[in-house]
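Heads up: the structure comes next, in structure tokens.
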Protein chains: 2
Amino acid sequence: MSARPIRVVIYGCGNMARVIVGYLVEKGADVVGAIDSDPALVGRDLGEVAGLAEPLGVTISDNADGVLDATMPDVVVLTLLSLMSDMEPFFEACASRGINAVSTCEEAFFPWNTSPEITARLDELARRNDCTLLGTGYQDVFWGSLVTATAGATHRIDAIRGYSTYNVDDYGIALAQVHGVGLDPAAFDAQIRAANVPSFALNVPPWLAGALGLDVSGITQDLEPIFSSGPITSLTLGREIPPGQVTGMLARATATTVQGPTLVMEVVGKVYGPRDVDHNDWIIEGEPRTELVVTEPKTVELTCATTVNRIPQVIDAPAGFMTGDQLGPVAYLPDLLTTTLGID
Amino acid sequence: MSARPIRVVIYGCGNMARVIVGYLVEKGADVVGAIDSDPALVGRDLGEVAGLAEPLGVTISDNADGVLDATMPDVVVLTLLSLMSDMEPFFEACASRGINAVSTCEEAFFPWNTSPEITARLDELARRNDCTLLGTGYQDVFWGSLVTATAGATHRIDAIRGYSTYNVDDYGIALAQVHGVGLDPAAFDAQIRAANVPSFALNVPPWLAGALGLDVSGITQDLEPIFSSGPITSLTLGREIPPGQVTGMLARATATTVQGPTLVMEVVGKVYGPRDVDHNDWIIEGEPRTELVVTEPKTVELTCATTVNRIPQVIDAPAGFMTGDQLGPVAYLPDLLTTTLGID
């Protein structure tokens, strides 16, 4: 078995990609191409954009087809958008060429219930061209394999309850608006709760069910406004939010299963006050009851490390649109040799 | 594929076995025999001893050879003793007959470094007779797969540090003595630290190394006395321990690896005060740093559930003395059907 570096194309050169490029280079991957449509990035060296000490010799291009055809990498890292409807053409560009792709797209973590037609189309295309598509990131471990590991020490699961928070102020005005930030309660009910747009919480219970050998019999979503007890300043809104106005939203997905256990995921996105930090807490109710707390997880770095660590598994996985529950836990990659095992 | 219940013999009918028997019955296993040498248990129905609502129709016998020969079960559950030197004849009774065995023996979690000759002998015997021996329990998840799951979200591991505590007062006078409970500092140094008896902390770093694809290059153990700031009552000693006398011991195992990461396990066994609870905390230092806390784990129930959940994996595993790092994470068993898949 001859080991060679994995050949990677970076598609999307924003904040996440910059961290991922550093990780890939440190692990000895061969970054052979970079794609972005932002005129401020096109023509620049990827290493420079990623803040590396040296240029990578890879120029960011806005010609996606050209880069993919010229490089035909082992895998493409897609760090672009959060919804499958927005990501479909990017996944398709890879799958139509038979190129594996991993994406930090949040919905891609388990897109079968929220975007079944798009996912089935991409799955069929990937199978036909013998490549694998996967959504991964923070969720793959902290909403996924950590929970199934704990379940392995449980005799009887009555319910699994996850609670995760993030700061809406970190992600721009579009996200703040779909969280109803700055609305009064009546406007939140009319604009947000009534629309009941699928949240990323909905993608979690079916992933867990798949990993635990359970069959989902029904799933519902609730959206609840969050309020602050005192005034709180939103950088994204550029103003103070007074008590009584919405500072964010709790999205709760509740799944029932044929076998009995209830699977509940609560995701809170809100404008943080000075004492708020990210939470990632899980409770397994049953025999016995177990509580798991991840203290102030470094969500960005954990997402990028998970994405890189998934690469060898994606290259080795069966063809199709896979989800992490099918691949088993993400494995730590201690060194380059492991990274490149099984490629040739 | 025809599914039938897994046939289990219980070897050791103490506190752990009683919990395990309840779990096995609820999962639909077929408990076909029970062995214990305690005259207070011999001749009694296992279901009655385990506190089940109905008798099991299984009489506890002190004739181990007779029960094993007559039943030839799929697996034996060994809940007897903590050290490999004490467990060798019991593992041998199973392996010499080609019967799989799972054990809650603490050292059996990863016995290759602390009892290499015994483990190699049992491994050879199990391979020759095509059966699998495994040590499992709480450690398999809370010192094992939870840590490796978190590592899967880590780019670079500098060190992994585990911290776990238990109440020495729960386990009788022999354990209290090897922890130096009630000694003064000079006596602790002379009797405990100087002897430096291998602790269960020593079995953890090599398990983690195996699961993470690392090679241990060296391992050391430190034993440190624990003191209380105020007087504390030990039920086991039957007296108050004044400040200045030892209330327990911290055992720290520190492993270096060829690839770089340091693996540290700290296990504290001490007489608990009224506000002490079990801890199970992990820190991964590196890129990024992650902290994981299990809040007041129910150690007994988690050990018993893990042991039961490991059974199908042990039956399907390659022959030999296996360790959990080789088998992958313990999987939750949602129902009887899953429990009995792949047996015939």
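Residues are referred to by chain and number: the chain letter is A, B, ... according to the order shown in the structure tokens, the number counts from 1 in that chain, and ligands are numbered separately from 1 in the order shown.
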Quiz item: Would you give me, as an MDAnalysis selection string, the residues in region 11-232 of chain A that DSSP reads as helix (DSSP H, G or I)?
Solution: chainID A and resid 15:26 46:49 64:71 84:95 107:109 116:128 138:151 168:170 173:178 185:193 200:212
Convert the current residue selection to file output with C-alpha atoms, as a short mmCIF file (atom, residue, chain, number, x, y, z; two decimals), in the first residue's frame.
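Full text of out.cif as output:
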data_model
loop_
_atom_site.label_atom_id
_atom_site.label_comp_id
_atom_site.auth_asym_id
_atom_site.auth_seq_id
_atom_site.Cartn_x
_atom_site.Cartn_y
_atom_site.Cartn_z
CA ASN A 15 -14.03 31.98 7.88
CA MET A 16 -14.58 28.24 8.26
CA ALA A 17 -12.48 27.39 5.22
CA ARG A 18 -9.58 29.44 6.54
CA VAL A 19 -9.44 27.34 9.72
CA ILE A 20 -9.88 24.13 7.72
CA VAL A 21 -7.03 25.01 5.34
CA GLY A 22 -4.66 25.40 8.27
CA TYR A 23 -5.72 22.02 9.68
CA LEU A 24 -5.36 20.31 6.28
CA VAL A 25 -1.88 21.68 5.73
CA GLU A 26 -0.76 20.67 9.24
CA LEU A 46 -5.36 30.55 -0.47
CA GLY A 47 -2.54 30.33 2.07
CA GLU A 48 -2.42 34.08 2.39
CA VAL A 49 -6.22 34.30 2.79
CA ALA A 64 -15.66 26.14 -10.26
CA ASP A 65 -16.06 23.83 -13.25
CA GLY A 66 -12.55 24.61 -14.41
CA VAL A 67 -10.95 23.92 -11.03
CA LEU A 68 -12.86 20.67 -10.46
CA ASP A 69 -12.18 19.35 -13.98
CA ALA A 70 -8.50 20.27 -13.83
CA THR A 71 -7.83 18.85 -10.36
CA MET A 84 -29.87 22.09 1.18
CA SER A 85 -31.89 24.16 -1.29
CA ASP A 86 -28.97 26.58 -1.51
CA MET A 87 -26.33 23.84 -1.51
CA GLU A 88 -27.81 21.55 -4.16
CA PRO A 89 -25.82 22.97 -7.13
CA PHE A 90 -22.53 22.74 -5.22
CA PHE A 91 -23.09 19.13 -4.14
CA GLU A 92 -24.19 18.41 -7.72
CA ALA A 93 -21.01 19.89 -9.20
CA CYS A 94 -19.04 17.33 -7.16
CA ALA A 95 -21.33 14.33 -7.52
CA GLU A 107 -29.08 20.92 7.20
CA ALA A 108 -26.84 18.37 5.44
CA PHE A 109 -26.20 16.72 8.85
CA PRO A 116 -36.14 14.70 0.96
CA GLU A 117 -36.40 15.37 -2.80
CA ILE A 118 -33.09 17.25 -3.06
CA THR A 119 -31.31 14.67 -0.92
CA ALA A 120 -32.71 11.73 -2.92
CA ARG A 121 -31.63 13.40 -6.20
CA LEU A 122 -28.10 13.96 -4.91
CA ASP A 123 -27.98 10.47 -3.42
CA GLU A 124 -28.92 8.93 -6.77
CA LEU A 125 -26.36 11.06 -8.61
CA ALA A 126 -23.60 10.16 -6.15
CA ARG A 127 -24.40 6.45 -6.34
CA ARG A 128 -24.38 6.55 -10.13
CA TYR A 138 -19.78 20.19 15.36
CA GLN A 139 -23.14 18.36 15.36
CA ASP A 140 -21.52 15.11 14.20
CA VAL A 141 -19.86 14.74 17.61
CA PHE A 142 -21.60 17.02 20.10
CA TRP A 143 -25.16 16.29 18.90
CA GLY A 144 -24.18 12.85 17.64
CA SER A 145 -21.47 10.41 18.67
CA LEU A 146 -21.13 11.78 22.24
CA VAL A 147 -24.81 11.05 22.73
CA THR A 148 -24.72 7.57 21.19
CA ALA A 149 -21.60 6.75 23.25
CA THR A 150 -23.50 7.64 26.43
CA ALA A 151 -26.50 5.65 25.23
CA VAL A 168 -27.18 35.07 16.97
CA ASP A 169 -25.06 38.22 17.01
CA ASP A 170 -22.16 36.23 15.52
CA ILE A 173 -28.69 40.16 10.05
CA ALA A 174 -30.33 37.39 7.99
CA LEU A 175 -30.03 34.91 10.83
CA ALA A 176 -31.16 37.48 13.39
CA GLN A 177 -34.30 38.11 11.34
CA VAL A 178 -35.34 34.44 11.07
CA PRO A 185 -44.35 38.85 21.07
CA ALA A 186 -47.32 39.34 18.73
CA ALA A 187 -45.06 39.94 15.74
CA PHE A 188 -42.99 36.85 16.66
CA ASP A 189 -46.17 34.76 16.68
CA ALA A 190 -47.33 36.16 13.34
CA GLN A 191 -44.01 36.14 11.47
CA ILE A 192 -41.92 33.37 13.01
CA ARG A 193 -44.08 30.89 14.86
CA PHE A 200 -31.63 22.59 12.33
CA ALA A 201 -33.07 21.02 15.49
CA LEU A 202 -35.28 18.92 13.19
CA ASN A 203 -32.25 17.19 11.64
CA VAL A 204 -30.98 15.84 14.96
CA PRO A 205 -33.54 13.28 16.20
CA PRO A 206 -33.54 11.24 12.98
CA TRP A 207 -29.70 11.15 13.02
CA LEU A 208 -29.78 9.86 16.61
CA ALA A 209 -32.52 7.37 15.76
CA GLY A 210 -30.45 6.04 12.88
CA ALA A 211 -27.37 5.65 15.05
CA LEU A 212 -29.33 3.98 17.88
#
Practice problem: Write out as a list of chain:residue names which residues come within 6 Å of Gly98 (chain B) when counting only C-alpha atoms, dropping same-chain ones fewer than 5 positions away. | Solution: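 The residues satisfying every condition are B:Asn129, B:Asp130, B:Cys131.
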With C-alpha atoms retained, export the selected residues as a PDB file, in the first residue's frame.
ATOM      1  CA  ASN B 129     -11.034 -22.488  21.654  1.00  0.00           C
ATOM      2  CA  ASP B 130     -12.551 -19.747  19.453  1.00  0.00           C
ATOM      3  CA  CYS B 131     -14.159 -17.591  22.112  1.00  0.00           C
TER       4      CYS B 131
END
Quiz item: Could you work out how far CA of Thr154 (chain A) lies from CA of Ile311 (chain B), giving the answer in Å with one decimal?
Solution: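 One can read the CA of Ile311 (chain B) to CA of Thr154 (chain A) distance as 13.6 Å.
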Quiz item: Ser217 (chain A): which residues within 9 Å, counting only C-alpha atoms, same-chain residues fewer than 4 positions away excluded, as a ChimeraX atom specification?
Solution: /A:255-258
Quiz item: Nearest to chain A: which of B:Ile160, B:Cys304, B:Met249, B:Leu80 is it, counting only C-alpha atoms?
Solution: B:Cys304
Self-check item: Nearest to Thr307 (chain A) by atom-to-atom distance, counting only C-alpha atoms, from B:Ala153, B:Met322, B:Leu83, B:Leu250
Solution: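 The shortest atom-to-atom distance to Thr307 (chain A) comes from B:Ala153.
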Exercise. Please measure the separation of CA of Thr323 (chain A) and CA of Gly137 (chain A), giving the value in Å to one decimal.
Key: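 Between CA of Thr323 (chain A) and CA of Gly137 (chain A) the gap works out to 11.5 Å.
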Proximity check chain A to chain B, 8 Å, nearest pairs one decimal Å, only C-alpha atoms, as a tab-separated table:
residue	atom	partner	partner_atom	distance
A:Tyr23	CA	B:His155	CA	6.7
A:Tyr138	CA	B:Ala153	CA	7.2
A:Val141	CA	B:Ala153	CA	6.5
A:Phe142	CA	B:Thr150	CA	7.8
A:Ser145	CA	B:Ala149	CA	6.0
A:Leu146	CA	B:Ala149	CA	5.8
A:Thr148	CA	B:Ala331	CA	7.4
A:Ala149	CA	B:Leu146	CA	5.8
A:Thr150	CA	B:Val141	CA	6.7
A:Ala151	CA	B:Tyr332	CA	5.5
A:Gly152	CA	B:Tyr332	CA	4.2
A:Ala153	CA	B:Thr306	CA	4.4
A:Thr154	CA	B:Ala305	CA	5.4
A:His155	CA	B:Ala305	CA	4.7
A:Arg156	CA	B:Pro334	CA	7.5
A:Leu212	CA	B:Tyr332	CA	6.3
A:Gly213	CA	B:Pro334	CA	6.9
A:Leu214	CA	B:Pro334	CA	7.1
A:Gln259	CA	B:Pro334	CA	7.0
A:Glu287	CA	B:Glu301	CA	7.3
A:Pro288	CA	B:Glu301	CA	6.0
A:Arg289	CA	B:Lys298	CA	7.5
A:Thr290	CA	B:Pro297	CA	6.2
A:Glu291	CA	B:Thr295	CA	5.4
A:Leu292	CA	B:Val294	CA	4.6
A:Val293	CA	B:Val293	CA	5.1
A:Val294	CA	B:Leu292	CA	4.6
A:Thr295	CA	B:Glu291	CA	5.3
A:Glu296	CA	B:Glu291	CA	7.8
A:Pro297	CA	B:Thr290	CA	6.2
A:Lys298	CA	B:Pro288	CA	6.7
A:Glu301	CA	B:Pro288	CA	6.0
A:Leu302	CA	B:Ala153	CA	5.2
A:Thr303	CA	B:Ala153	CA	7.1
A:Ala305	CA	B:His155	CA	4.7
A:Thr306	CA	B:Ala153	CA	4.4
A:Val308	CA	B:His155	CA	8.0
A:Asn309	CA	B:Gly152	CA	6.7
A:Pro329	CA	B:Ala149	CA	6.3
A:Val330	CA	B:Gly152	CA	4.8
A:Ala331	CA	B:Gly152	CA	4.5
A:Tyr332	CA	B:Gly152	CA	4.2
A:Leu333	CA	B:Gly152	CA	7.7
A:Pro334	CA	B:Gly213	CA	6.9
A:Asp335	CA	B:Gln259	CA	7.4
Self-check item: Atomic separation - CA of His179 (chain B) relative to CA of Gly12 (chain B), Å
Solution: 24.9 Å
